[in-house]
Amino acid sequence: MNDNTPRTRTAQIAAGGSAVAAAIAVAVALIVPWEGGRARDGSAIGYADPLVRNLPTACSGTTGRDHLGRPIVVGRRYTRQECDDMLAHELRTRLPQVKACLPNDIRAEALGASISLAFNIGTPAFCRSTVSRLFRAGQDRAACQAFGRWVYVGSRRVQGLVNRRAAEVRLCLRGVRP
């Protein structure tokens, strides 16, 4: 793998042991294809997300402000480096928050899938979710399957979320005993 890919650089940036780095790499592999839209060169143009009240969004789903605290601007071109830096910043910020809502011994695949879900629905919603509650109760299989509940925007079922959750569930279930 090219050492310049977002997945590799983000995993290198991740603090903690190899399990955490693996979880970050897994999360990036889930987040980048489903969030926002990057051009082939890794750059992106800020856009108004129509699913979430036209929320200004850039790169791999960064909303509100970029990694330097500047507002996301619809129509602005963000370089690959800016996009990678935003994603790394978001993951560094969310990782401890997500981990605080999960058991300490969670598997890397489940942690990576959980980071992806929290990235998409927000960390507070993730921490209040059935997914988090079931992981804390030691019910890993049920927790992984509960990802599939998060496929609605308002009352509308969104096929893109159905597809994303299916990928997260598949990953989450790796290594779970039947």
# chains A, B, ... in the order shown; residues from 1 in each chain; ligands from 1
$ select_by_dssp --residues "segment 7-177 of chain A" --states "helix (DSSP H, G or I)" --output "PyMOL selection string"
chain A and resi 7-13+18-34+80-99+108-121+123-128+130-136+140-149+159-173
$ select_by_dssp --residues "segment 21-92 of chain A" --states "strand (DSSP E or B)" --output "PDB file with N, CA, C and O atoms, in the first residue's frame"
ATOM      1  N   ALA A  44     -11.636  17.632  -2.793  1.00  0.00           N
ATOM      2  CA  ALA A  44     -13.094  17.637  -2.735  1.00  0.00           C
ATOM      3  C   ALA A  44     -13.594  19.077  -2.760  1.00  0.00           C
ATOM      4  O   ALA A  44     -12.864  20.003  -2.401  1.00  0.00           O
ATOM      5  N   ILE A  45     -14.834  19.228  -3.164  1.00  0.00           N
ATOM      6  CA  ILE A  45     -15.478  20.537  -3.151  1.00  0.00           C
ATOM      7  C   ILE A  45     -16.549  20.507  -2.068  1.00  0.00           C
ATOM      8  O   ILE A  45     -17.349  19.569  -1.993  1.00  0.00           O
ATOM      9  N   TYR A  47     -19.886  21.007  -0.093  1.00  0.00           N
ATOM     10  CA  TYR A  47     -21.248  20.931  -0.622  1.00  0.00           C
ATOM     11  C   TYR A  47     -22.255  21.039   0.516  1.00  0.00           C
ATOM     12  O   TYR A  47     -21.914  20.855   1.685  1.00  0.00           O
ATOM     13  N   ALA A  48     -23.488  21.344   0.162  1.00  0.00           N
ATOM     14  CA  ALA A  48     -24.580  21.401   1.128  1.00  0.00           C
ATOM     15  C   ALA A  48     -25.244  20.029   1.139  1.00  0.00           C
ATOM     16  O   ALA A  48     -25.832  19.621   0.135  1.00  0.00           O
ATOM     17  N   ASP A  49     -25.133  19.308   2.240  1.00  0.00           N
ATOM     18  CA  ASP A  49     -25.678  17.946   2.324  1.00  0.00           C
ATOM     19  C   ASP A  49     -27.201  18.015   2.337  1.00  0.00           C
ATOM     20  O   ASP A  49     -27.802  18.491   3.303  1.00  0.00           O
ATOM     21  N   LEU A  55     -26.530  20.998   5.369  1.00  0.00           N
ATOM     22  CA  LEU A  55     -25.389  21.251   6.232  1.00  0.00           C
ATOM     23  C   LEU A  55     -24.107  21.329   5.398  1.00  0.00           C
ATOM     24  O   LEU A  55     -23.809  20.404   4.639  1.00  0.00           O
ATOM     25  N   PRO A  56     -23.343  22.428   5.509  1.00  0.00           N
ATOM     26  CA  PRO A  56     -22.077  22.511   4.772  1.00  0.00           C
ATOM     27  C   PRO A  56     -21.156  21.353   5.163  1.00  0.00           C
ATOM     28  O   PRO A  56     -20.889  21.123   6.343  1.00  0.00           O
ATOM     29  N   THR A  57     -20.695  20.628   4.153  1.00  0.00           N
ATOM     30  CA  THR A  57     -19.927  19.398   4.349  1.00  0.00           C
ATOM     31  C   THR A  57     -18.773  19.381   3.365  1.00  0.00           C
ATOM     32  O   THR A  57     -18.896  19.885   2.251  1.00  0.00           O
ATOM     33  N   ALA A  58     -17.656  18.786   3.785  1.00  0.00           N
ATOM     34  CA  ALA A  58     -16.501  18.700   2.892  1.00  0.00           C
ATOM     35  C   ALA A  58     -15.783  17.370   3.072  1.00  0.00           C
ATOM     36  O   ALA A  58     -15.858  16.741   4.131  1.00  0.00           O
ATOM     37  N   THR A  62     -16.781  15.872   6.799  1.00  0.00           N
ATOM     38  CA  THR A  62     -16.544  16.875   7.836  1.00  0.00           C
ATOM     39  C   THR A  62     -17.598  17.963   7.715  1.00  0.00           C
ATOM     40  O   THR A  62     -17.837  18.487   6.629  1.00  0.00           O
ATOM     41  N   THR A  63     -18.218  18.286   8.834  1.00  0.00           N
ATOM     42  CA  THR A  63     -19.253  19.321   8.860  1.00  0.00           C
ATOM     43  C   THR A  63     -18.858  20.409   9.842  1.00  0.00           C
ATOM     44  O   THR A  63     -18.020  20.203  10.723  1.00  0.00           O
ATOM     45  N   ARG A  65     -16.853  22.817  10.960  1.00  0.00           N
ATOM     46  CA  ARG A  65     -15.538  23.455  10.850  1.00  0.00           C
ATOM     47  C   ARG A  65     -14.480  22.448  10.450  1.00  0.00           C
ATOM     48  O   ARG A  65     -14.603  21.269  10.739  1.00  0.00           O
ATOM     49  N   PRO A  71     -14.776  27.648   9.184  1.00  0.00           N
ATOM     50  CA  PRO A  71     -16.052  27.107   8.708  1.00  0.00           C
ATOM     51  C   PRO A  71     -15.891  26.379   7.372  1.00  0.00           C
ATOM     52  O   PRO A  71     -15.109  26.796   6.522  1.00  0.00           O
ATOM     53  N   ARG A  77     -12.837  24.430  -2.965  1.00  0.00           N
ATOM     54  CA  ARG A  77     -12.065  23.214  -3.230  1.00  0.00           C
ATOM     55  C   ARG A  77     -11.089  23.003  -2.081  1.00  0.00           C
ATOM     56  O   ARG A  77     -10.356  23.897  -1.705  1.00  0.00           O
ATOM     57  N   TYR A  78     -11.157  21.787  -1.521  1.00  0.00           N
ATOM     58  CA  TYR A  78     -10.246  21.375  -0.459  1.00  0.00           C
ATOM     59  C   TYR A  78      -9.238  20.407  -1.059  1.00  0.00           C
ATOM     60  O   TYR A  78      -9.613  19.491  -1.799  1.00  0.00           O
TER      61      TYR A  78
END
$ closest_residue --among "A:Cys101, A:Ile24, A:Val131, A:Leu161" --to "His89 of chain A" --atoms "only C-alpha atoms"
A:Ile24
$ closest_residue --among "A:Gln139, A:Gln145, A:Ser60, A:Asn54" --to "Asp85 of chain A" --atoms "only C-alpha atoms"
A:Ser60
$ atom_distance --atom1 "atom CA of Trp34 of chain A" --atom2 "atom CA of Arg164 of chain A"
6.7 Å
$ atom_distance --atom1 "atom CA of Thr130 of chain A" --atom2 "atom CA of Gln97 of chain A"
16.4 Å
$ atom_distance --atom1 "atom CA of Arg92 of chain A" --atom2 "atom CA of Asn104 of chain A"
17.4 Å
$ residues_around --residues "Gly122 of chain A" --least-positions-apart "5" --cutoff "12 Å" --atoms "only C-alpha atoms" --output "count of residues only"
16
$ closest_residue --among "A:Gly75, A:Gly46, A:Gly112, A:Gly69" --to "Val28 of chain A" --atoms "only C-alpha atoms"
A:Gly112
$ residues_around --residues "Ala29 of chain A" --least-positions-apart "2" --cutoff "10 Å" --atoms "only C-alpha atoms" --output "list in words"
Pro6, Arg7, Ala23, Ile24, Ala25, Val26, Ala27, Ile31, Val32, Pro33, Trp34, Gly112, Ala113 and Ser116 of chain A
$ write_last_selection --atoms "N, CA and C atoms" --output "short mmCIF file (atom, residue, chain, number, x, y, z; two decimals), in the first residue's frame"
data_model
loop_
_atom_site.label_atom_id
_atom_site.label_comp_id
_atom_site.auth_asym_id
_atom_site.auth_seq_id
_atom_site.Cartn_x
_atom_site.Cartn_y
_atom_site.Cartn_z
N PRO A 6 -4.73 8.02 2.73
CA PRO A 6 -5.33 8.47 3.98
C PRO A 6 -5.38 7.36 5.02
N ARG A 7 -5.65 6.14 4.60
CA ARG A 7 -5.75 5.02 5.54
C ARG A 7 -4.43 4.82 6.26
N ALA A 23 -8.15 -0.45 14.29
CA ALA A 23 -9.52 0.06 14.32
C ALA A 23 -9.64 1.35 13.52
N ILE A 24 -8.65 2.23 13.63
CA ILE A 24 -8.67 3.47 12.87
C ILE A 24 -8.59 3.18 11.38
N ALA A 25 -7.71 2.27 10.99
CA ALA A 25 -7.58 1.92 9.57
C ALA A 25 -8.88 1.35 9.03
N VAL A 26 -9.53 0.51 9.85
CA VAL A 26 -10.81 -0.07 9.46
C VAL A 26 -11.87 1.02 9.33
N ALA A 27 -11.88 1.94 10.27
CA ALA A 27 -12.86 3.03 10.23
C ALA A 27 -12.67 3.89 8.98
N ILE A 31 -15.37 4.81 6.26
CA ILE A 31 -15.84 6.19 6.18
C ILE A 31 -15.62 6.80 4.79
N VAL A 32 -14.41 6.70 4.26
CA VAL A 32 -14.07 7.42 3.03
C VAL A 32 -15.00 7.09 1.87
N PRO A 33 -15.31 5.82 1.60
CA PRO A 33 -16.19 5.56 0.45
C PRO A 33 -17.63 6.04 0.64
N TRP A 34 -18.08 6.15 1.88
CA TRP A 34 -19.49 6.48 2.12
C TRP A 34 -19.73 7.94 2.41
N GLY A 112 -13.72 -0.27 15.00
CA GLY A 112 -13.68 0.44 13.72
C GLY A 112 -15.08 0.70 13.17
N ALA A 113 -15.94 -0.31 13.22
CA ALA A 113 -17.32 -0.14 12.76
C ALA A 113 -18.05 0.88 13.62
N SER A 116 -17.03 4.37 12.68
CA SER A 116 -17.71 4.74 11.45
C SER A 116 -19.16 5.16 11.72
#
$ decode --residues "segment 64-101 of chain A" --atoms "C-alpha atoms" --output "short mmCIF file (atom, residue, chain, number, x, y, z; two decimals), in the first residue's frame"
data_model
loop_
_atom_site.label_atom_id
_atom_site.label_comp_id
_atom_site.auth_asym_id
_atom_site.auth_seq_id
_atom_site.Cartn_x
_atom_site.Cartn_y
_atom_site.Cartn_z
CA GLY A 64 -19.24 22.64 10.62
CA ARG A 65 -15.54 23.46 10.85
CA ASP A 66 -12.34 22.07 9.39
CA HIS A 67 -9.33 20.81 11.35
CA LEU A 68 -8.09 24.40 11.82
CA GLY A 69 -11.43 25.66 13.12
CA ARG A 70 -12.45 27.42 9.91
CA PRO A 71 -16.05 27.11 8.71
CA ILE A 72 -16.68 24.58 5.94
CA VAL A 73 -17.50 26.55 2.78
CA VAL A 74 -19.87 25.24 0.13
CA GLY A 75 -18.19 25.47 -3.28
CA ARG A 76 -14.62 25.73 -1.91
CA ARG A 77 -12.07 23.21 -3.23
CA TYR A 78 -10.25 21.37 -0.46
CA THR A 79 -6.92 19.74 -1.31
CA ARG A 80 -6.19 16.09 -0.65
CA GLN A 81 -3.92 17.13 2.22
CA GLU A 82 -6.70 19.25 3.77
CA CYS A 83 -9.16 16.37 3.41
CA ASP A 84 -6.73 13.89 4.95
CA ASP A 85 -5.94 16.29 7.80
CA MET A 86 -9.65 16.87 8.48
CA LEU A 87 -10.35 13.15 8.64
CA ALA A 88 -7.34 12.48 10.89
CA HIS A 89 -8.43 15.32 13.19
CA GLU A 90 -12.01 14.03 13.35
CA LEU A 91 -10.85 10.50 14.13
CA ARG A 92 -8.38 11.65 16.81
CA THR A 93 -11.18 13.68 18.40
CA ARG A 94 -13.85 10.96 18.20
CA LEU A 95 -11.77 7.92 19.14
CA PRO A 96 -11.59 8.59 22.90
CA GLN A 97 -15.26 9.63 22.95
CA VAL A 98 -16.39 6.45 21.20
CA LYS A 99 -14.09 4.24 23.29
CA ALA A 100 -15.59 5.75 26.46
CA CYS A 101 -18.99 4.34 25.38
#
